[in-house]
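Student: Dropping in structure.tsv, with TSV, C-alpha atoms.
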```
chain	number	residue	atom	x	y	z
N	26	ILE	CA	79.02	82.11	115.89
N	27	LEU	CA	80.88	79.11	114.53
N	28	GLY	CA	79.03	75.93	113.67
N	29	SER	CA	80.14	72.84	111.81
N	30	SER	CA	79.90	74.54	108.41
N	31	ILE	CA	78.32	77.95	108.96
N	32	ILE	CA	79.77	81.20	110.12
N	33	GLU	CA	77.45	84.03	111.02
N	34	ILE	CA	79.18	87.38	110.91
N	35	MET	CA	77.82	90.07	113.20
N	36	HIS	CA	78.84	93.61	112.28
N	37	ALA	CA	78.94	96.08	115.17
N	38	THR	CA	78.73	99.74	114.15
N	39	SER	CA	79.71	101.00	117.61
N	40	PHE	CA	81.38	99.80	120.79
N	41	GLU	CA	78.00	99.86	122.53
N	42	LEU	CA	76.61	97.40	120.00
N	43	ALA	CA	79.73	95.22	120.28
N	44	TYR	CA	79.30	95.10	124.06
N	45	ARG	CA	75.66	94.09	123.61
N	46	TYR	CA	76.58	91.27	121.22
N	47	HIS	CA	79.22	90.09	123.66
N	48	LYS	CA	76.70	90.00	126.49
N	49	GLN	CA	73.89	88.31	124.56
N	50	LEU	CA	75.75	85.91	122.26
N	51	ARG	CA	78.56	83.40	122.37
N	52	ILE	CA	81.21	84.97	120.18
N	53	ASP	CA	84.04	82.74	119.00
N	54	LEU	CA	86.15	85.30	117.19
N	55	PHE	CA	86.45	89.08	117.22
N	56	ILE	CA	87.89	91.05	114.30
N	57	LEU	CA	88.53	94.45	115.82
N	58	ASP	CA	89.41	97.66	114.00
N	59	LEU	CA	91.52	99.83	116.29
N	60	SER	CA	89.79	102.92	114.90
N	61	LEU	CA	86.13	102.05	115.21
N	62	PHE	CA	84.10	105.15	114.31
N	63	GLY	CA	86.62	107.37	116.09
N	64	ALA	CA	86.83	105.22	119.23
N	65	ASP	CA	90.01	103.50	120.46
N	66	GLY	CA	89.90	99.74	119.90
N	67	PHE	CA	92.22	99.12	122.82
N	68	HIS	CA	89.35	100.09	125.13
N	69	PHE	CA	87.57	96.93	124.01
N	70	LEU	CA	90.58	94.78	124.89
N	71	GLU	CA	90.78	96.40	128.30
N	72	LYS	CA	87.09	95.83	128.98
N	73	PHE	CA	87.14	92.18	127.89
N	74	PRO	CA	90.59	90.79	128.77
N	75	ASN	CA	89.39	87.19	128.45
N	76	GLU	CA	88.64	87.74	124.74
N	77	ARG	CA	92.12	88.92	123.77
N	78	SER	CA	93.32	85.53	122.58
N	79	ASN	CA	90.26	85.33	120.29
N	80	THR	CA	90.74	88.76	118.74
N	81	ILE	CA	92.28	89.65	115.39
N	82	ILE	CA	93.28	93.28	115.22
N	83	VAL	CA	92.85	95.31	112.03
N	84	SER	CA	94.64	98.63	111.66
N	85	ALA	CA	96.17	101.01	109.14
N	86	TYR	CA	99.17	101.57	111.44
N	87	ASN	CA	102.10	99.17	111.72
N	88	ASP	CA	103.49	100.89	114.80
N	89	LEU	CA	100.61	99.68	117.00
N	90	ALA	CA	101.33	95.99	116.41
N	91	ILE	CA	103.70	95.57	119.36
N	92	ARG	CA	101.21	97.14	121.76
N	93	ALA	CA	98.45	94.90	120.37
N	94	PHE	CA	100.47	91.73	120.85
N	95	GLU	CA	101.27	92.82	124.39
N	96	TYR	CA	97.55	92.42	125.04
N	97	GLY	CA	97.83	88.83	123.82
N	98	VAL	CA	95.75	89.16	120.64
N	99	LEU	CA	95.61	86.33	118.13
N	100	ASP	CA	96.91	88.28	115.14
N	101	TYR	CA	97.44	91.78	113.75
N	102	LEU	CA	96.42	92.63	110.17
N	103	THR	CA	97.57	95.81	108.45
N	104	LYS	CA	95.32	97.47	105.88
N	105	PRO	CA	94.86	96.89	103.02
N	106	ILE	CA	94.32	93.23	103.91
N	107	SER	CA	94.91	90.58	101.27
N	108	GLU	CA	92.68	87.53	101.04
N	109	GLU	CA	95.65	85.24	101.62
N	110	ARG	CA	96.73	87.10	104.76
N	111	LEU	CA	93.22	86.92	106.19
N	112	ARG	CA	93.03	83.20	105.40
N	113	LEU	CA	96.27	82.56	107.29
N	114	SER	CA	94.95	84.49	110.27
N	115	LEU	CA	91.73	82.48	110.34
N	116	GLN	CA	93.71	79.26	110.07
N	117	ARG	CA	95.65	80.31	113.14
N	118	PHE	CA	92.37	80.78	114.96
N	119	PHE	CA	91.08	77.33	113.98
N	120	ILE	CA	94.31	75.72	115.08
N	121	ARG	CA	94.06	77.36	118.50
N	122	SER	CA	90.35	76.58	118.83
N	123	ASN	CA	88.75	73.44	120.22
N	124	ARG	CA	89.12	71.78	116.83
N	125	LYS	CA	92.60	70.69	117.97
N	126	GLY	CA	94.34	71.65	114.76
N	127	LYS	CA	91.76	70.16	112.38
N	128	LEU	CA	90.53	72.82	110.00
N	129	ASN	CA	86.99	72.67	108.76
N	130	THR	CA	87.22	72.10	105.02
N	131	SER	CA	83.45	72.16	104.46
N	132	PRO	CA	82.19	75.04	102.31
N	133	ILE	CA	81.47	78.09	104.44
N	134	ARG	CA	78.12	79.72	103.87
N	135	ILE	CA	77.87	83.29	105.03
N	136	LYS	CA	74.45	84.44	106.11
N	137	THR	CA	73.53	87.52	104.12
N	138	ARG	CA	71.20	90.29	105.20
N	139	LEU	CA	70.48	91.19	101.59
N	140	SER	CA	68.51	88.10	100.61
N	141	LYS	CA	65.21	90.03	100.50
N	142	VAL	CA	66.66	93.23	99.07
N	143	ASP	CA	66.32	94.18	95.39
N	144	ILE	CA	70.00	94.83	94.70
N	145	HIS	CA	69.45	96.58	91.37
N	146	LYS	CA	66.80	98.88	92.81
N	147	LEU	CA	69.02	99.63	95.79
N	148	ASP	CA	71.95	100.48	93.52
N	149	VAL	CA	69.78	102.86	91.46
N	150	ARG	CA	68.39	104.60	94.56
N	151	LEU	CA	71.84	104.95	96.11
N	152	THR	CA	73.25	106.41	92.88
N	153	ASP	CA	70.41	108.92	92.76
N	154	LEU	CA	71.02	110.01	96.35
N	155	MET	CA	74.75	110.42	95.83
N	156	GLU	CA	75.03	111.74	92.29
N	157	VAL	CA	71.78	113.67	91.80
N	158	LYS	CA	70.73	114.78	95.27
N	159	LYS	CA	74.34	114.90	96.47
N	160	VAL	CA	73.52	113.89	100.03
N	161	TYR	CA	77.24	113.55	100.72
N	162	GLN	CA	77.32	117.35	101.04
N	163	ASN	CA	75.52	116.94	104.36
N	164	GLU	CA	78.28	117.05	106.97
N	165	ASN	CA	76.17	114.91	109.33
N	166	LEU	CA	75.62	112.10	106.85
N	167	SER	CA	76.27	108.76	108.52
N	168	LEU	CA	75.86	105.08	107.71
N	169	LYS	CA	72.68	105.10	109.80
N	170	SER	CA	71.12	108.18	108.19
N	171	LEU	CA	71.94	107.02	104.67
N	172	ALA	CA	70.50	103.58	105.44
N	173	GLU	CA	67.29	105.21	106.66
N	174	GLU	CA	67.01	107.08	103.35
N	175	LEU	CA	67.20	103.71	101.61
N	176	ASP	CA	64.80	101.95	104.02
N	177	LEU	CA	67.59	99.63	105.12
N	178	HIS	CA	69.22	98.58	108.36
N	179	PRO	CA	72.76	100.04	108.66
N	180	ARG	CA	74.22	96.53	108.60
N	181	GLN	CA	72.45	95.85	105.30
N	182	LEU	CA	73.90	98.98	103.73
N	183	SER	CA	77.33	98.17	105.11
N	184	GLU	CA	77.16	94.67	103.61
N	185	PHE	CA	76.02	96.07	100.26
N	186	LEU	CA	78.89	98.55	100.13
N	187	ASN	CA	81.44	95.93	101.15
N	188	GLU	CA	80.22	93.16	98.89
N	189	LYS	CA	79.00	95.09	95.83
N	190	LYS	CA	81.06	98.28	95.88
N	191	HIS	CA	84.12	96.80	97.60
N	192	LYS	CA	84.30	99.85	99.85
N	193	THR	CA	83.64	100.75	103.44
N	194	PHE	CA	81.07	103.46	104.09
N	195	THR	CA	83.87	105.91	104.94
N	196	SER	CA	85.84	105.32	101.73
N	197	PHE	CA	82.60	105.38	99.69
N	198	LEU	CA	81.73	108.78	101.17
N	199	HIS	CA	85.25	110.16	100.72
N	200	ASN	CA	85.25	109.16	97.04
N	201	TYR	CA	82.19	111.27	96.30
N	202	ARG	CA	83.32	114.24	98.35
N	203	ILE	CA	86.80	114.33	96.85
N	204	LYS	CA	85.44	113.92	93.32
N	205	GLU	CA	83.20	116.94	93.89
N	206	ALA	CA	86.09	118.88	95.43
N	207	LYS	CA	88.22	118.21	92.34
N	208	TYR	CA	85.47	119.56	90.10
N	209	LEU	CA	85.06	122.72	92.19
N	210	LEU	CA	88.81	123.32	92.33
N	211	GLU	CA	88.96	123.14	88.54
N	212	ARG	CA	85.73	125.00	87.79
N	213	TYR	CA	86.05	127.83	90.31
N	214	PRO	CA	89.70	128.86	90.71
N	215	GLU	CA	88.60	131.96	92.62
N	216	LYS	CA	86.97	129.91	95.41
N	217	LYS	CA	88.87	129.40	98.61
N	218	ILE	CA	89.99	125.82	99.16
N	219	SER	CA	88.62	125.94	102.69
N	220	ASP	CA	85.17	126.93	101.39
N	221	ILE	CA	85.25	124.00	98.97
N	222	GLY	CA	86.11	121.60	101.78
N	223	PHE	CA	83.07	122.65	103.78
N	224	GLU	CA	80.86	122.71	100.68
N	225	VAL	CA	81.50	119.06	99.82
N	226	GLY	CA	80.55	117.94	103.32
N	227	TYR	CA	83.57	117.98	105.62
N	228	LYS	CA	83.10	119.24	109.16
N	229	SER	CA	86.75	120.16	109.58
N	230	LEU	CA	89.42	121.32	107.19
N	231	SER	CA	91.96	118.88	108.59
N	232	ASN	CA	89.70	115.97	107.63
N	233	PHE	CA	89.26	117.42	104.16
N	234	TYR	CA	92.98	117.98	103.62
N	235	ASP	CA	93.85	114.50	104.92
N	236	ALA	CA	91.18	112.79	102.80
N	237	PHE	CA	92.17	114.70	99.65
N	238	LYS	CA	95.85	113.85	99.99
N	239	LYS	CA	95.09	110.23	100.79
N	240	GLU	CA	92.88	109.94	97.70
N	241	LEU	CA	95.09	111.76	95.18
N	242	LYS	CA	98.56	111.65	96.81
N	243	ILE	CA	98.83	115.46	96.50
N	244	THR	CA	97.32	118.33	98.46
N	245	ALA	CA	94.29	120.30	97.30
N	246	SER	CA	96.40	123.40	96.66
N	247	GLU	CA	98.91	121.35	94.64
N	248	TYR	CA	96.05	119.86	92.63
N	249	ARG	CA	94.64	123.31	91.85
N	250	GLN	CA	98.08	124.65	90.88
N	251	LYS	CA	98.77	121.64	88.68
N	252	ASN	CA	95.42	122.01	86.94
N	253	PHE	CA	95.98	125.78	86.52
N	254	ILE	CA	99.37	125.25	84.89
N	255	SER	CA	97.94	122.51	82.67
N	256	THR	CA	95.13	124.79	81.52
N	257	ILE	CA	97.51	127.64	80.70
N	258	SER	CA	99.81	125.31	78.77
N	259	SER	CA	96.87	123.96	76.82
N	260	ASN	CA	95.71	127.46	75.92
N	261	ILE	CA	99.19	128.50	74.79
N	262	ALA	CA	99.52	125.45	72.58
N	263	GLU	CA	96.17	126.13	70.92
N	264	PRO	CA	96.63	127.27	67.31
N	265	LYS	CA	95.15	130.69	66.57
N	266	ASN	CA	93.73	131.85	63.26
N	267	TYR	CA	94.34	135.44	62.21
N	268	ILE	CA	92.50	137.36	59.53
N	269	ASN	CA	94.44	140.05	57.76
N	270	VAL	CA	92.31	142.99	56.71
```
Can the structure in the file be given as structure tokens, please?
Tutor:
Amino acid sequence: ILGSSIIEIMHATSFELAYRYHKQLRIDLFILDLSLFGADGFHFLEKFPNERSNTIIVSAYNDLAIRAFEYGVLDYLTKPISEERLRLSLQRFFIRSNRKGKLNTSPIRIKTRLSKVDIHKLDVRLTDLMEVKKVYQNENLSLKSLAEELDLHPRQLSEFLNEKKHKTFTSFLHNYRIKEAKYLLERYPEKKISDIGFEVGYKSLSNFYDAFKKELKITASEYRQKNFISTISSNIAEPKNYINV
């Protein structure tokens, strides 16, 4: 909701919640990820055609831009999004808004949901859950369930991850799972790669393979082979002492 100097950002964790916000509040600008928790963002544009000109699309895929602009959206941002690119997009919105081209130069204060949260304590508890208890191994772990473990609202946890860890929940989760997968690939060369994928928390092997390659730019099997060759080379290069009797 845009005021004279304040922007309140509402974060919808599902289409159902986005629909509810739309019905209950006056929303000036939508920033819509085309892949929202597995749902198709174009469904939102089809359901609310009057909001298309006030929607900025966010996507990891360049090839969907033409289709998005056919809906009449305000702008299309490709991930990863730079601060400058986002600023230009917001300027475009202000120019097309009722401000008649006059941008608001007053400092923007963003309402935070973490004002009453002990950030240090939260960071310690989250680290314990992820690194000691390894809750990421639970294939059903979600933003909501992790937030419940931390006595937070999902939007509070999402804000903490975005602002303090500079990660989305999905990338945060992938980082831990892939780190564990790397360790298991190195430590247990006899283990099947598929078993490791399930062990670190992935429901499907395709998700595991995709996430691993995206994180390390090589496949899990290539990583294991590379590490195996490196280990052998290291052992060969090791000097050996012989005792003549």
Student: Find, counting only C-alpha atoms, the residue in N:Asp176, N:Glu41, N:Asp235, N:Asp53 that gets nearest to Phe69 in chain N.
Tutor: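 Of N:Asp176, N:Glu41, N:Asp235, N:Asp53, the one nearest Phe69 in chain N is N:Glu41, counting only C-alpha atoms.
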Student: When you look at Tyr201 in chain N with a cut-off of 9 Å (counting all atoms listed in the file), what residues show up, excluding the ones that are within fewer than 2 positions of it in the same chain? I need them as a short mmCIF file (atom, residue, chain, number, x, y, z; two decimals) with C-alpha atoms, in the coordinates of the input.
Tutor:
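For reference, part-v7.cif as written:
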```cif
data_model
loop_
_atom_site.label_atom_id
_atom_site.label_comp_id
_atom_site.auth_asym_id
_atom_site.auth_seq_id
_atom_site.Cartn_x
_atom_site.Cartn_y
_atom_site.Cartn_z
CA MET N 155 74.75 110.42 95.83
CA GLU N 156 75.03 111.74 92.29
CA LYS N 159 74.34 114.90 96.47
CA TYR N 161 77.24 113.55 100.72
CA SER N 196 85.84 105.32 101.73
CA PHE N 197 82.60 105.38 99.69
CA LEU N 198 81.73 108.78 101.17
CA HIS N 199 85.25 110.16 100.72
CA ILE N 203 86.80 114.33 96.85
CA LYS N 204 85.44 113.92 93.32
CA GLU N 205 83.20 116.94 93.89
CA ALA N 206 86.09 118.88 95.43
CA VAL N 225 81.50 119.06 99.82
#
```
Student: Neighbouring residues of Ile56 in chain N were defined as those with any atom within 10 Å, considering all atoms listed in the file; residues of the same chain fewer than 2 positions away were excluded. Please report them as a list in words.
Tutor: His36, Leu54, Asp58, Leu59, Asn79, Thr80, Ile81, Ile82, Val83, Leu99, Asp100, Tyr101 and Leu102 of chain N
Student: Could you check which of N:Asn200, N:Ser39, N:Gln250, N:Asn87 is closest to Pro214 in chain N, using all atoms listed in the file?
Tutor: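 Looking at the shortest contact to Pro214 in chain N, the residue is N:Gln250.
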Student: Work out how far apart CA of Ser84 in chain N and CA of Thr38 in chain N are and give it in Å to one decimal.
Tutor: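 If I compute the distance from CA of Ser84 in chain N to CA of Thr38 in chain N, I get 16.1 Å.
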Student: Take CA of Lys169 in chain N and CA of Leu57 in chain N and report the distance between them in Å, one decimal.
Tutor: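 Spanning CA of Lys169 in chain N to CA of Leu57 in chain N is a straight-line distance of 20.0 Å.
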Student: Check the smallest atom-to-atom distance from each of N:Phe253, N:Phe185, N:Tyr46, N:Phe194 to Leu139 in chain N using only C-alpha atoms, then report the winner.
Tutor: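 Once distances to Leu139 in chain N are computed over only C-alpha atoms, the minimum belongs to N:Phe185.
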Student: Around (87.2, 119.1, 88.6) in the file's own coordinates, what residues are found within 12 Å if you use all atoms listed in the file, given back as a ChimeraX atom specification?
Tutor: /N:202-214,221,245,248-249,251-253
Student: Which residue, N:Gln181, N:Asn163, N:Thr152, N:Ser114, has the smallest gap to Thr137 in chain N when you use all atoms listed in the file?
Tutor: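 Counting all atoms listed in the file, the residue closest to Thr137 in chain N is N:Gln181.
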Student: Of the candidates N:Phe55, N:Phe94, N:Gly226, N:Leu147, which one gets nearest to Glu76 in chain N if we count all atoms listed in the file?
Tutor: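 Once distances to Glu76 in chain N are computed over all atoms listed in the file, the minimum belongs to N:Phe55.
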Student: Provide an axis-aligned box for all listed atoms of range 93-103 of chain N, padding each side by 5 Å; report its centre and its edge lengths in Å to one decimal, as JSON.
Tutor:
```
{"center_x": 98.4, "center_y": 91.1, "center_z": 116.7, "size_x": 15.7, "size_y": 19.5, "size_z": 26.6}
```
Student: Just the number, please: distance in Å from CA of Tyr96 in chain N to CA of Arg77 in chain N, one decimal.
Tutor: 6.6 Å
Student: Using only C-alpha atoms, which residues sit within 12 Å of range 172-174 of chain N once same-chain residues fewer than 3 positions away are excluded, as a PDB file with C-alpha atoms, in the frame of the given file?
Tutor:
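Dumped everything to selection.pdb:
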```pdb
ATOM      1  CA  LEU N 147      69.020  99.630  95.790  1.00  0.00           C
ATOM      2  CA  ARG N 150      68.390 104.600  94.560  1.00  0.00           C
ATOM      3  CA  LEU N 151      71.840 104.950  96.110  1.00  0.00           C
ATOM      4  CA  ASP N 153      70.410 108.920  92.760  1.00  0.00           C
ATOM      5  CA  LEU N 154      71.020 110.010  96.350  1.00  0.00           C
ATOM      6  CA  MET N 155      74.750 110.420  95.830  1.00  0.00           C
ATOM      7  CA  LYS N 158      70.730 114.780  95.270  1.00  0.00           C
ATOM      8  CA  VAL N 160      73.520 113.890 100.030  1.00  0.00           C
ATOM      9  CA  LEU N 166      75.620 112.100 106.850  1.00  0.00           C
ATOM     10  CA  SER N 167      76.270 108.760 108.520  1.00  0.00           C
ATOM     11  CA  LEU N 168      75.860 105.080 107.710  1.00  0.00           C
ATOM     12  CA  LYS N 169      72.680 105.100 109.800  1.00  0.00           C
ATOM     13  CA  LEU N 177      67.590  99.630 105.120  1.00  0.00           C
ATOM     14  CA  HIS N 178      69.220  98.580 108.360  1.00  0.00           C
ATOM     15  CA  PRO N 179      72.760 100.040 108.660  1.00  0.00           C
ATOM     16  CA  ARG N 180      74.220  96.530 108.600  1.00  0.00           C
ATOM     17  CA  GLN N 181      72.450  95.850 105.300  1.00  0.00           C
ATOM     18  CA  LEU N 182      73.900  98.980 103.730  1.00  0.00           C
ATOM     19  CA  SER N 183      77.330  98.170 105.110  1.00  0.00           C
ATOM     20  CA  GLU N 184      77.160  94.670 103.610  1.00  0.00           C
ATOM     21  CA  PHE N 185      76.020  96.070 100.260  1.00  0.00           C
ATOM     22  CA  LEU N 186      78.890  98.550 100.130  1.00  0.00           C
ATOM     23  CA  PHE N 194      81.070 103.460 104.090  1.00  0.00           C
TER      24      PHE N 194
END
```
Student: With distances taken over only C-alpha atoms, which of N:Tyr44, N:Glu164, N:Phe67, N:Glu215 is nearest to Asn232 in chain N?
Tutor: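 Between N:Tyr44, N:Glu164, N:Phe67, N:Glu215, the residue approaching Asn232 in chain N most closely is N:Glu164.
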